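**Student:** Input file: my_file-v8.cif. Contents: mmCIF, C-alpha atoms.
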data_final
loop_
_atom_site.group_PDB
_atom_site.id
_atom_site.type_symbol
_atom_site.label_atom_id
_atom_site.label_comp_id
_atom_site.auth_asym_id
_atom_site.auth_seq_id
_atom_site.Cartn_x
_atom_site.Cartn_y
_atom_site.Cartn_z
ATOM 1 C CA MET A 1 -19.990 23.311 -25.284
ATOM 2 C CA ALA A 2 -22.956 23.631 -22.960
ATOM 3 C CA THR A 3 -23.062 26.487 -20.483
ATOM 4 C CA LEU A 4 -22.306 25.286 -16.981
ATOM 5 C CA THR A 5 -24.861 26.283 -14.355
ATOM 6 C CA ILE A 6 -23.756 24.343 -11.265
ATOM 7 C CA SER A 7 -21.965 26.491 -8.687
ATOM 8 C CA ASN A 8 -18.572 25.491 -7.300
ATOM 9 C CA GLU A 9 -20.158 25.144 -3.878
ATOM 10 C CA GLU A 10 -22.818 22.734 -5.124
ATOM 11 C CA GLU A 11 -20.277 20.760 -7.145
ATOM 12 C CA LYS A 12 -18.115 20.418 -4.044
ATOM 13 C CA ARG A 13 -21.113 19.335 -1.960
ATOM 14 C CA VAL A 14 -22.170 16.532 -4.281
ATOM 15 C CA LYS A 15 -18.566 15.439 -4.804
ATOM 16 C CA ALA A 16 -18.478 14.641 -1.091
ATOM 17 C CA LEU A 17 -21.482 12.389 -1.750
ATOM 18 C CA GLY A 18 -19.599 10.553 -4.500
ATOM 19 C CA PHE A 19 -20.782 12.477 -7.585
ATOM 20 C CA LEU A 20 -18.016 13.605 -9.899
ATOM 21 C CA SER A 21 -18.595 16.178 -12.616
ATOM 22 C CA ASN A 22 -18.541 14.945 -16.210
ATOM 23 C CA LYS A 23 -16.070 17.397 -17.728
ATOM 24 C CA GLY A 24 -17.645 20.251 -19.663
ATOM 25 C CA THR A 25 -21.238 19.358 -18.729
ATOM 26 C CA ASP A 26 -23.756 19.722 -15.924
ATOM 27 C CA ALA A 27 -23.964 15.916 -15.603
ATOM 28 C CA PHE A 28 -22.273 13.755 -12.998
ATOM 29 C CA SER A 29 -21.014 10.212 -12.508
ATOM 30 C CA GLY A 30 -22.327 8.623 -9.321
ATOM 31 C CA ARG A 31 -19.729 6.444 -7.624
ATOM 32 C CA VAL A 32 -21.395 3.359 -6.113
ATOM 33 C CA ILE A 33 -19.475 1.672 -3.298
ATOM 34 C CA THR A 34 -19.133 -2.096 -3.649
ATOM 35 C CA ARG A 35 -17.662 -2.601 -0.124
ATOM 36 C CA ASN A 36 -15.156 -5.239 -1.245
ATOM 37 C CA GLY A 37 -15.350 -5.290 -5.024
ATOM 38 C CA MET A 38 -18.211 -7.771 -5.117
ATOM 39 C CA VAL A 39 -21.931 -7.178 -5.647
ATOM 40 C CA THR A 40 -24.925 -9.471 -5.754
ATOM 41 C CA ALA A 41 -27.060 -9.962 -8.849
ATOM 42 C CA ASP A 42 -29.846 -7.950 -7.198
ATOM 43 C CA GLU A 43 -27.452 -5.091 -6.445
ATOM 44 C CA MET A 44 -26.169 -5.119 -10.018
ATOM 45 C CA ARG A 45 -29.744 -5.013 -11.345
ATOM 46 C CA CYS A 46 -30.442 -2.039 -9.109
ATOM 47 C CA MET A 47 -27.405 -0.179 -10.459
ATOM 48 C CA VAL A 48 -28.414 -0.937 -14.044
ATOM 49 C CA GLU A 49 -31.953 0.293 -13.401
ATOM 50 C CA ALA A 50 -30.649 3.490 -11.772
ATOM 51 C CA ALA A 51 -28.195 4.095 -14.621
ATOM 52 C CA GLU A 52 -30.968 3.713 -17.204
ATOM 53 C CA LYS A 53 -33.549 5.756 -15.298
ATOM 54 C CA TYR A 54 -31.403 8.621 -14.030
ATOM 55 C CA GLY A 55 -28.207 8.523 -16.086
ATOM 56 C CA ASN A 56 -27.168 7.832 -19.669
ATOM 57 C CA GLY A 57 -27.232 4.045 -19.225
ATOM 58 C CA ASN A 58 -23.464 3.630 -19.000
ATOM 59 C CA LEU A 59 -21.645 2.070 -16.040
ATOM 60 C CA SER A 60 -17.864 2.153 -15.737
ATOM 61 C CA LEU A 61 -15.627 0.231 -13.348
ATOM 62 C CA THR A 62 -13.046 2.231 -11.441
ATOM 63 C CA THR A 63 -9.566 1.156 -10.423
ATOM 64 C CA ARG A 64 -10.803 1.124 -6.816
ATOM 65 C CA LEU A 65 -13.502 -1.472 -7.604
ATOM 66 C CA THR A 66 -16.390 0.947 -7.399
ATOM 67 C CA VAL A 67 -18.980 1.414 -10.167
ATOM 68 C CA GLU A 68 -19.681 4.816 -11.708
ATOM 69 C CA CYS A 69 -23.055 5.455 -13.332
ATOM 70 C CA GLN A 70 -22.496 8.228 -15.854
ATOM 71 C CA GLY A 71 -24.502 11.160 -17.163
ATOM 72 C CA ILE A 72 -26.667 11.861 -14.114
ATOM 73 C CA PRO A 73 -28.248 15.346 -14.212
ATOM 74 C CA PHE A 74 -27.709 17.412 -11.084
ATOM 75 C CA GLU A 75 -31.425 17.491 -10.325
ATOM 76 C CA GLN A 76 -31.594 13.676 -10.405
ATOM 77 C CA ILE A 77 -28.834 13.009 -7.869
ATOM 78 C CA ASP A 78 -31.177 12.617 -4.897
ATOM 79 C CA ASN A 79 -33.486 10.307 -6.868
ATOM 80 C CA PHE A 80 -30.492 8.244 -7.961
ATOM 81 C CA ARG A 81 -29.332 7.799 -4.368
ATOM 82 C CA THR A 82 -32.841 6.888 -3.207
ATOM 83 C CA HIS A 83 -33.090 4.221 -5.906
ATOM 84 C CA LEU A 84 -29.746 2.694 -4.867
ATOM 85 C CA ALA A 85 -30.832 2.616 -1.222
ATOM 86 C CA THR A 86 -33.597 0.127 -2.077
ATOM 87 C CA ALA A 87 -30.812 -2.461 -2.575
ATOM 88 C CA GLY A 88 -28.716 -1.255 0.354
ATOM 89 C CA LEU A 89 -26.236 0.545 -1.903
ATOM 90 C CA GLU A 90 -24.660 3.943 -1.348
ATOM 91 C CA THR A 91 -22.444 6.430 -3.132
ATOM 92 C CA GLY A 92 -19.236 8.037 -1.848
ATOM 93 C CA GLY A 93 -15.536 7.294 -1.952
ATOM 94 C CA THR A 94 -14.018 10.767 -2.091
ATOM 95 C CA GLY A 95 -12.218 13.091 0.306
ATOM 96 C CA ALA A 96 -9.375 13.007 2.826
ATOM 97 C CA LYS A 97 -10.538 9.883 4.600
ATOM 98 C CA VAL A 98 -10.424 6.089 4.332
ATOM 99 C CA ARG A 99 -11.258 5.275 0.732
ATOM 100 C CA PRO A 100 -13.220 2.255 -0.581
ATOM 101 C CA ILE A 101 -11.438 -1.037 0.098
ATOM 102 C CA THR A 102 -10.107 -3.049 -2.834
ATOM 103 C CA SER A 103 -9.850 -6.824 -2.839
ATOM 104 C CA CYS A 104 -8.624 -9.556 -5.156
ATOM 105 C CA LYS A 105 -10.473 -12.866 -5.653
ATOM 106 C CA GLY A 106 -8.894 -14.367 -2.548
ATOM 107 C CA SER A 107 -9.807 -17.940 -1.774
ATOM 108 C CA THR A 108 -11.864 -18.304 -4.972
ATOM 109 C CA CYS A 109 -8.519 -18.145 -6.845
ATOM 110 C CA GLN A 110 -6.272 -21.201 -7.117
ATOM 111 C CA TYR A 111 -3.458 -19.219 -5.492
ATOM 112 C CA GLY A 112 -5.563 -17.522 -2.819
ATOM 113 C CA LEU A 113 -4.478 -18.079 0.770
ATOM 114 C CA ILE A 114 -6.970 -15.941 2.700
ATOM 115 C CA ASP A 115 -10.627 -14.947 2.401
ATOM 116 C CA THR A 116 -10.092 -11.471 1.018
ATOM 117 C CA PHE A 117 -13.791 -10.744 0.465
ATOM 118 C CA TRP A 118 -14.617 -11.365 4.129
ATOM 119 C CA LEU A 119 -11.651 -9.353 5.407
ATOM 120 C CA SER A 120 -12.296 -6.465 3.025
ATOM 121 C CA ARG A 121 -15.952 -6.349 4.056
ATOM 122 C CA GLU A 122 -14.925 -6.213 7.727
ATOM 123 C CA ILE A 123 -12.477 -3.394 7.007
ATOM 124 C CA HIS A 124 -15.160 -1.564 5.024
ATOM 125 C CA GLU A 125 -17.710 -1.786 7.821
ATOM 126 C CA ARG A 126 -15.317 -0.900 10.617
ATOM 127 C CA PHE A 127 -13.203 1.777 8.991
ATOM 128 C CA TYR A 128 -14.796 3.074 5.783
ATOM 129 C CA THR A 129 -18.296 3.201 7.268
ATOM 130 C CA GLY A 130 -17.453 3.224 10.981
ATOM 131 C CA LEU A 131 -14.856 5.991 10.625
ATOM 132 C CA GLY A 132 -16.657 7.791 7.817
ATOM 133 C CA ASP A 133 -16.503 11.119 9.667
ATOM 134 C CA LEU A 134 -12.831 10.783 10.604
ATOM 135 C CA ALA A 135 -10.836 13.481 8.796
ATOM 136 C CA LEU A 136 -7.332 12.417 7.785
ATOM 137 C CA PRO A 137 -4.387 14.444 6.446
ATOM 138 C CA HIS A 138 -5.051 13.044 2.960
ATOM 139 C CA LYS A 139 -6.818 10.124 1.300
ATOM 140 C CA PHE A 140 -5.988 6.707 2.719
ATOM 141 C CA LYS A 141 -6.195 3.651 0.465
ATOM 142 C CA ILE A 142 -6.333 0.032 1.618
ATOM 143 C CA ALA A 143 -5.953 -3.074 -0.547
ATOM 144 C CA VAL A 144 -6.234 -6.748 0.390
ATOM 145 C CA GLY A 145 -4.396 -9.355 -1.685
ATOM 146 C CA GLY A 146 -4.893 -13.086 -1.267
ATOM 147 C CA CYS A 147 -1.309 -14.122 -1.998
ATOM 148 C CA PRO A 148 2.149 -12.749 -2.854
ATOM 149 C CA ASN A 149 1.258 -12.584 -6.572
ATOM 150 C CA ASN A 150 0.071 -9.095 -5.597
ATOM 151 C CA CYS A 151 -2.600 -8.798 -8.315
ATOM 152 C CA MET A 152 -4.281 -6.119 -6.208
ATOM 153 C CA LYS A 153 -0.931 -4.336 -5.706
ATOM 154 C CA PRO A 154 -1.217 -3.950 -1.914
ATOM 155 C CA ASP A 155 2.294 -2.476 -1.744
ATOM 156 C CA LEU A 156 1.155 0.515 -3.821
ATOM 157 C CA ASN A 157 -1.514 1.427 -1.264
ATOM 158 C CA ASP A 158 -1.169 3.384 1.955
ATOM 159 C CA LEU A 159 -1.904 0.098 3.728
ATOM 160 C CA GLY A 160 -1.769 -3.317 2.124
ATOM 161 C CA ILE A 161 -2.567 -6.799 3.411
ATOM 162 C CA ILE A 162 -1.080 -9.858 1.700
ATOM 163 C CA GLY A 163 -2.014 -13.484 2.368
ATOM 164 C CA GLN A 164 0.888 -15.695 3.451
ATOM 165 C CA SER A 165 1.587 -19.417 3.760
ATOM 166 C CA VAL A 166 4.801 -19.987 5.679
ATOM 167 C CA PRO A 167 6.542 -23.239 4.697
ATOM 168 C CA VAL A 168 8.104 -25.420 7.390
ATOM 169 C CA VAL A 169 11.235 -27.359 6.456
ATOM 170 C CA ASN A 170 12.111 -30.723 7.986
ATOM 171 C CA PRO A 171 15.664 -31.294 6.675
ATOM 172 C CA GLU A 172 15.931 -34.633 8.481
ATOM 173 C CA LEU A 173 13.246 -35.980 6.134
ATOM 174 C CA CYS A 174 15.126 -34.867 3.035
ATOM 175 C CA LYS A 175 16.281 -37.857 0.939
ATOM 176 C CA ASN A 176 18.812 -35.910 -1.133
ATOM 177 C CA CYS A 177 16.907 -36.575 -4.348
ATOM 178 C CA LYS A 178 18.897 -36.106 -7.515
ATOM 179 C CA ILE A 179 16.177 -33.778 -8.817
ATOM 180 C CA CYS A 180 14.426 -31.884 -6.021
ATOM 181 C CA GLY A 181 10.787 -31.315 -6.917
ATOM 182 C CA VAL A 182 10.470 -28.573 -4.314
ATOM 183 C CA LYS A 183 13.429 -26.620 -5.679
ATOM 184 C CA LYS A 184 12.223 -27.124 -9.241
ATOM 185 C CA ASN A 185 8.807 -25.717 -8.345
ATOM 186 C CA CYS A 186 10.127 -22.513 -6.737
ATOM 187 C CA GLY A 187 10.076 -19.775 -9.370
ATOM 188 C CA ILE A 188 12.013 -17.265 -7.243
ATOM 189 C CA GLU A 189 14.794 -19.680 -6.275
ATOM 190 C CA ALA A 190 14.173 -19.377 -2.553
ATOM 191 C CA VAL A 191 14.564 -23.150 -2.100
ATOM 192 C CA GLN A 192 18.212 -24.078 -1.759
ATOM 193 C CA LEU A 193 20.183 -27.263 -1.316
ATOM 194 C CA ASP A 194 23.136 -27.356 1.070
ATOM 195 C CA ASN A 195 25.136 -30.501 0.390
ATOM 196 C CA GLY A 196 21.966 -31.994 -1.025
ATOM 197 C CA VAL A 197 19.841 -31.105 2.018
ATOM 198 C CA ILE A 198 16.864 -28.832 1.457
ATOM 199 C CA GLY A 199 16.553 -25.401 3.008
ATOM 200 C CA ILE A 200 14.769 -22.096 2.343
ATOM 201 C CA ASN A 201 16.323 -18.662 1.992
ATOM 202 C CA ARG A 202 13.909 -16.642 4.101
ATOM 203 C CA GLU A 203 15.170 -13.378 2.601
ATOM 204 C CA LYS A 204 13.998 -14.512 -0.820
ATOM 205 C CA CYS A 205 10.927 -16.500 0.203
ATOM 206 C CA LYS A 206 7.595 -14.708 -0.376
ATOM 207 C CA ASN A 207 5.510 -17.273 1.545
ATOM 208 C CA CYS A 208 3.378 -18.103 -1.486
ATOM 209 C CA GLY A 209 3.001 -21.711 -0.331
ATOM 210 C CA LEU A 210 3.575 -23.223 -3.776
ATOM 211 C CA CYS A 211 6.418 -25.384 -2.469
ATOM 212 C CA ILE A 212 4.213 -27.008 0.172
ATOM 213 C CA GLY A 213 3.323 -30.607 -0.590
ATOM 214 C CA LYS A 214 5.779 -30.905 -3.466
ATOM 215 C CA CYS A 215 8.119 -33.168 -1.494
ATOM 216 C CA PRO A 216 6.885 -36.802 -1.413
ATOM 217 C CA PHE A 217 8.783 -37.308 1.841
ATOM 218 C CA ASP A 218 7.212 -34.295 3.622
ATOM 219 C CA ALA A 219 10.467 -32.394 3.908
ATOM 220 C CA VAL A 220 8.470 -29.217 3.275
ATOM 221 C CA VAL A 221 5.024 -28.934 4.817
ATOM 222 C CA GLY A 222 2.498 -26.197 5.458
ATOM 223 C CA GLY A 223 2.919 -23.958 8.444
ATOM 224 C CA GLU A 224 0.775 -21.020 9.464
ATOM 225 C CA ILE A 225 -1.539 -19.143 7.144
ATOM 226 C CA GLY A 226 -1.023 -15.505 7.891
ATOM 227 C CA TYR A 227 -1.228 -11.861 6.900
ATOM 228 C CA GLN A 228 1.637 -9.597 5.924
ATOM 229 C CA ILE A 229 1.053 -5.889 6.510
ATOM 230 C CA VAL A 230 2.639 -3.417 4.101
ATOM 231 C CA ILE A 231 2.604 0.324 4.785
ATOM 232 C CA GLY A 232 3.478 3.489 2.917
ATOM 233 C CA GLY A 233 2.727 2.568 -0.664
ATOM 234 C CA ARG A 234 1.628 5.192 -3.152
ATOM 235 C CA TRP A 235 0.766 5.324 -6.838
ATOM 236 C CA GLY A 236 0.333 8.326 -9.087
ATOM 237 C CA LYS A 237 2.519 11.290 -9.966
ATOM 238 C CA GLN A 238 4.704 10.316 -7.037
ATOM 239 C CA VAL A 239 5.359 6.619 -6.468
ATOM 240 C CA ALA A 240 6.436 4.823 -3.312
ATOM 241 C CA ILE A 241 6.686 1.076 -2.757
ATOM 242 C CA GLY A 242 5.284 0.045 0.595
ATOM 243 C CA LYS A 243 7.455 -1.799 3.098
ATOM 244 C CA PRO A 244 6.327 -4.869 5.048
ATOM 245 C CA LEU A 245 6.222 -4.874 8.827
ATOM 246 C CA ARG A 246 8.539 -7.526 10.267
ATOM 247 C CA ARG A 247 5.773 -9.522 11.904
ATOM 248 C CA ILE A 248 3.370 -11.854 10.128
ATOM 249 C CA PHE A 249 -0.024 -11.951 11.818
ATOM 250 C CA THR A 250 -2.023 -15.159 12.083
ATOM 251 C CA GLU A 251 -5.297 -13.925 13.589
ATOM 252 C CA PRO A 252 -7.691 -11.754 11.528
ATOM 253 C CA GLU A 253 -8.775 -9.820 14.610
ATOM 254 C CA ASP A 254 -5.151 -8.811 15.262
ATOM 255 C CA VAL A 255 -4.966 -7.565 11.682
ATOM 256 C CA LEU A 256 -8.095 -5.478 12.161
ATOM 257 C CA LYS A 257 -6.722 -4.009 15.400
ATOM 258 C CA LEU A 258 -3.535 -3.050 13.582
ATOM 259 C CA VAL A 259 -5.461 -1.477 10.701
ATOM 260 C CA GLU A 260 -7.304 0.702 13.224
ATOM 261 C CA LYS A 261 -4.045 1.611 14.955
ATOM 262 C CA ILE A 262 -2.426 2.591 11.658
ATOM 263 C CA ILE A 263 -5.348 4.811 10.653
ATOM 264 C CA PHE A 264 -5.308 6.714 13.960
ATOM 265 C CA PHE A 265 -1.514 6.893 13.879
ATOM 266 C CA TYR A 266 -1.753 8.590 10.489
ATOM 267 C CA GLN A 267 -4.415 10.960 11.766
ATOM 268 C CA GLU A 268 -2.228 11.980 14.710
ATOM 269 C CA GLN A 269 1.196 12.039 13.063
ATOM 270 C CA GLY A 270 0.456 13.088 9.489
ATOM 271 C CA LEU A 271 0.736 16.710 8.425
ATOM 272 C CA PRO A 272 -2.055 18.381 6.423
ATOM 273 C CA LYS A 273 -2.114 17.139 2.784
ATOM 274 C CA GLU A 274 0.716 14.693 3.557
ATOM 275 C CA ARG A 275 0.262 11.152 2.231
ATOM 276 C CA PHE A 276 1.104 8.311 4.610
ATOM 277 C CA ALA A 277 4.217 7.480 2.586
ATOM 278 C CA GLN A 278 5.525 10.977 3.305
ATOM 279 C CA THR A 279 4.675 10.666 6.996
ATOM 280 C CA ILE A 280 6.690 7.441 7.188
ATOM 281 C CA ALA A 281 9.609 8.957 5.281
ATOM 282 C CA ARG A 282 9.640 11.985 7.600
ATOM 283 C CA LEU A 283 9.517 9.947 10.824
ATOM 284 C CA GLY A 284 11.591 6.982 9.606
ATOM 285 C CA PHE A 285 10.254 3.524 8.819
ATOM 286 C CA GLU A 286 11.927 1.835 11.795
ATOM 287 C CA THR A 287 10.430 4.391 14.174
ATOM 288 C CA VAL A 288 6.969 4.023 12.695
ATOM 289 C CA GLU A 289 7.200 0.224 12.721
ATOM 290 C CA ALA A 290 8.220 0.171 16.384
ATOM 291 C CA MET A 291 5.320 2.454 17.339
ATOM 292 C CA LEU A 292 2.782 0.409 15.385
ATOM 293 C CA LEU A 293 3.899 -2.973 16.683
ATOM 294 C CA ALA A 294 4.200 -1.877 20.314
ATOM 295 C CA ASN A 295 1.800 -3.761 22.601
ATOM 296 C CA LEU A 296 0.521 -5.970 19.792
#
Once you've parsed the file, please lay out its structure as structure tokens.
**Tutor:**
Amino acid sequence: MATLTISNEEEKRVKALGFLSNKGTDAFSGRVITRNGMVTADEMRCMVEAAEKYGNGNLSLTTRLTVECQGIPFEQIDNFRTHLATAGLETGGTGAKVRPITSCKGSTCQYGLIDTFWLSREIHERFYTGLGDLALPHKFKIAVGGCPNNCMKPDLNDLGIIGQSVPVVNPELCKNCKICGVKKNCGIEAVQLDNGVIGINREKCKNCGLCIGKCPFDAVVGGEIGYQIVIGGRWGKQVAIGKPLRRIFTEPEDVLKLVEKIIFFYQEQGLPKERFAQTIARLGFETVEAMLLANL
């Protein structure tokens, strides 16, 4: 094994810039921030060029939708960052702060209900970049999912956003069909028939919107497209499933205001090295929910 020559202080310094030590070597992986999990062809070409010129030519995708260029010598870190900057790219994504935002395909997916790429980019610019110097008790992860299929697992993040489509039921239009197409189409059995008349169990309903338009008589139609906010999720050695706030938001700007409020709430109420899930458990979910939703 090669002798290591990089001091702990220098390794810590470059880690804050997004360069993680390749175990047992003096080389590093540079973590390139994708802002919302999407890059342009020009940005991808720039990363490939940088990986070939300053690293070992390998790029790996992280679970947080960043790209790591491997095998970068310590003395090439500054050159690597300068090369990325020509395409407007940057490295980072470490530390006790807002981490890179993750996003599913959103409205490019057949199930997508919201534009996750746009929302994730806004969150990135306002809170990852805009609050880049804001120290938090621990890392804070945000994920945006386009629908209740939860491919991005928003409820396993400190803060998750899930696209919603709230169905509206018009029971007076129900024709008491022998086989209800709406009920048949609901995979979680949230659609129920009471004496042949259609209804929806709101406790079961996930607001996926798949029932909308399935009734030829318009007994179930589309209501508001919205955003469910889930807080206190955590994945790793300790797992916590996030809980949804009771209100569904319909305006993106209200969602962004709440995201900001949650981040500063965590900064003020969290104890050092305490994840947000632990802060919520210590204070009580109902208490935290009431404080977050006040004046919104």
**Student:** For the structure provided, state which residues fall under the PyMOL selection byres ((chain A and resi 92-107) around 7), and present them as a ChimeraX atom specification.
**Tutor:** /A:16-18,31-33,35-37,64-65,90-91,108-109,112-117,120,124,127-128,134-146,151-152
**Student:** The selected residues should be written to file as a compact mmCIF listing (two decimals), in the coordinates of the input (atoms: C-alpha atoms).
**Tutor:**
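Okay, out_2.txt is ready:
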# COMPACT_ATOMS: atom_id res chain seq x y z
CA ALA A 16 -18.48 14.64 -1.09
CA LEU A 17 -21.48 12.39 -1.75
CA GLY A 18 -19.60 10.55 -4.50
CA ARG A 31 -19.73 6.44 -7.62
CA VAL A 32 -21.40 3.36 -6.11
CA ILE A 33 -19.48 1.67 -3.30
CA ARG A 35 -17.66 -2.60 -0.12
CA ASN A 36 -15.16 -5.24 -1.25
CA GLY A 37 -15.35 -5.29 -5.02
CA ARG A 64 -10.80 1.12 -6.82
CA LEU A 65 -13.50 -1.47 -7.60
CA GLU A 90 -24.66 3.94 -1.35
CA THR A 91 -22.44 6.43 -3.13
CA THR A 108 -11.86 -18.30 -4.97
CA CYS A 109 -8.52 -18.14 -6.84
CA GLY A 112 -5.56 -17.52 -2.82
CA LEU A 113 -4.48 -18.08 0.77
CA ILE A 114 -6.97 -15.94 2.70
CA ASP A 115 -10.63 -14.95 2.40
CA THR A 116 -10.09 -11.47 1.02
CA PHE A 117 -13.79 -10.74 0.46
CA SER A 120 -12.30 -6.46 3.02
CA HIS A 124 -15.16 -1.56 5.02
CA PHE A 127 -13.20 1.78 8.99
CA TYR A 128 -14.80 3.07 5.78
CA LEU A 134 -12.83 10.78 10.60
CA ALA A 135 -10.84 13.48 8.80
CA LEU A 136 -7.33 12.42 7.78
CA PRO A 137 -4.39 14.44 6.45
CA HIS A 138 -5.05 13.04 2.96
CA LYS A 139 -6.82 10.12 1.30
CA PHE A 140 -5.99 6.71 2.72
CA LYS A 141 -6.20 3.65 0.46
CA ILE A 142 -6.33 0.03 1.62
CA ALA A 143 -5.95 -3.07 -0.55
CA VAL A 144 -6.23 -6.75 0.39
CA GLY A 145 -4.40 -9.36 -1.68
CA GLY A 146 -4.89 -13.09 -1.27
CA CYS A 151 -2.60 -8.80 -8.32
CA MET A 152 -4.28 -6.12 -6.21
**Student:** I'd like the residues picked by the PyMOL selection byres ((chain A and resi 265) around 12) written out as JSON, numbers by chain, using the chain letters and numbers from the file.
**Tutor:** {"A": [136, 137, 231, 258, 259, 260, 261, 262, 263, 264, 266, 267, 268, 269, 270, 271, 276, 279, 280, 283, 288, 289, 291, 292, 293]}
**Student:** Applied to this file, what does the PyMOL selection byres ((chain A and resi 161-172) around 7) return in terms of residues, put as a PyMOL selection string?
**Tutor:** chain A and resi 113-114+143-148+154+159-160+173-174+197-199+207-209+212+219-230
**Student:** Using all atoms listed in the file, which of A:Leu296, A:Leu20, A:Ile72, A:Val182 sits nearest Gly55 of chain A?
**Tutor:** A:Ile72
**Student:** Kindly give the distance, in Å, that separates atom CA of Leu193 of chain A and atom CA of Ile179 of chain A, rounded to a single decimal.
**Tutor:** 10.7 Å
**Student:** What separation in Å, quoted to one decimal, exists between atom CA of Phe28 of chain A and atom CA of Gly71 of chain A?
**Tutor:**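 Atom CA of Phe28 of chain A sits 5.4 Å away from atom CA of Gly71 of chain A.
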**Student:** If you measure from atom CA of Thr62 of chain A to atom CA of Ser29 of chain A, what distance in Å do you get, rounded to one decimal?
**Tutor:**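 Between atom CA of Thr62 of chain A and atom CA of Ser29 of chain A the gap works out to 11.3 Å.
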**Student:** Pick the closest to Phe80 of chain A from A:Arg45, A:Lys53, A:Arg275, A:Lys23: which is it, counting all atoms listed in the file?
**Tutor:** A:Lys53
**Student:** I need the residue nearest Gln76 of chain A from this list: A:Leu256, A:Cys46, A:Val14, A:Leu89. Use all atoms listed in the file for the distance.
**Tutor:**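 Residue with the minimum atom-to-atom distance to Gln76 of chain A: A:Val14.
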**Student:** Which is closest to Ala27 of chain A among A:Phe74, A:Val67, A:Leu61, A:Glu10, if we use all atoms listed in the file?
**Tutor:**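 Smallest distance to Ala27 of chain A is found for A:Phe74.
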**Student:** What lies within 8 Å of Cys180 of chain A using all atoms listed in the file, ignoring chain neighbours under 4 positions off, as number ranges by chain?
**Tutor:** A: 176, 184, 215
**Student:** So which one's closest to Glu203 of chain A, A:Gly181, A:Arg246, A:Ser7, A:Lys237? Using all atoms listed in the file, please.
**Tutor:**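 Of A:Gly181, A:Arg246, A:Ser7, A:Lys237, the one nearest Glu203 of chain A is A:Arg246, counting all atoms listed in the file.
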**Student:** Please, could N, CA and C atoms be added to segment 247-259 of chain A and the result written as a PDB file, in the coordinates of the input?
**Tutor:**
ATOM      1  N   ARG A 247       6.575  -8.456  11.315  1.00  0.00           N
ATOM      2  CA  ARG A 247       5.773  -9.522  11.904  1.00  0.00           C
ATOM      3  C   ARG A 247       4.674  -9.980  10.963  1.00  0.00           C
ATOM      4  N   ILE A 248       4.488 -11.290  10.868  1.00  0.00           N
ATOM      5  CA  ILE A 248       3.370 -11.854  10.128  1.00  0.00           C
ATOM      6  C   ILE A 248       2.280 -12.227  11.123  1.00  0.00           C
ATOM      7  N   PHE A 249       1.087 -11.720  10.900  1.00  0.00           N
ATOM      8  CA  PHE A 249      -0.024 -11.951  11.818  1.00  0.00           C
ATOM      9  C   PHE A 249      -0.807 -13.188  11.400  1.00  0.00           C
ATOM     10  N   THR A 250      -1.295 -13.925  12.372  1.00  0.00           N
ATOM     11  CA  THR A 250      -2.023 -15.159  12.083  1.00  0.00           C
ATOM     12  C   THR A 250      -3.503 -15.077  12.439  1.00  0.00           C
ATOM     13  N   GLU A 251      -3.895 -14.066  13.187  1.00  0.00           N
ATOM     14  CA  GLU A 251      -5.297 -13.925  13.589  1.00  0.00           C
ATOM     15  C   GLU A 251      -5.918 -12.705  12.911  1.00  0.00           C
ATOM     16  N   PRO A 252      -7.041 -12.882  12.205  1.00  0.00           N
ATOM     17  CA  PRO A 252      -7.691 -11.754  11.528  1.00  0.00           C
ATOM     18  C   PRO A 252      -8.014 -10.595  12.456  1.00  0.00           C
ATOM     19  N   GLU A 253      -8.419 -10.895  13.693  1.00  0.00           N
ATOM     20  CA  GLU A 253      -8.775  -9.820  14.610  1.00  0.00           C
ATOM     21  C   GLU A 253      -7.562  -8.965  14.955  1.00  0.00           C
ATOM     22  N   ASP A 254      -6.371  -9.581  15.027  1.00  0.00           N
ATOM     23  CA  ASP A 254      -5.151  -8.811  15.262  1.00  0.00           C
ATOM     24  C   ASP A 254      -4.852  -7.903  14.076  1.00  0.00           C
ATOM     25  N   VAL A 255      -5.151  -8.380  12.880  1.00  0.00           N
ATOM     26  CA  VAL A 255      -4.966  -7.565  11.682  1.00  0.00           C
ATOM     27  C   VAL A 255      -5.889  -6.351  11.728  1.00  0.00           C
ATOM     28  N   LEU A 256      -7.133  -6.572  12.102  1.00  0.00           N
ATOM     29  CA  LEU A 256      -8.095  -5.478  12.161  1.00  0.00           C
ATOM     30  C   LEU A 256      -7.719  -4.454  13.239  1.00  0.00           C
ATOM     31  N   LYS A 257      -7.185  -4.929  14.356  1.00  0.00           N
ATOM     32  CA  LYS A 257      -6.722  -4.009  15.400  1.00  0.00           C
ATOM     33  C   LYS A 257      -5.569  -3.162  14.896  1.00  0.00           C
ATOM     34  N   LEU A 258      -4.677  -3.788  14.115  1.00  0.00           N
ATOM     35  CA  LEU A 258      -3.535  -3.050  13.582  1.00  0.00           C
ATOM     36  C   LEU A 258      -3.984  -2.041  12.528  1.00  0.00           C
ATOM     37  N   VAL A 259      -4.938  -2.416  11.693  1.00  0.00           N
ATOM     38  CA  VAL A 259      -5.461  -1.477  10.701  1.00  0.00           C
ATOM     39  C   VAL A 259      -6.000  -0.231  11.397  1.00  0.00           C
TER      40      VAL A 259
END
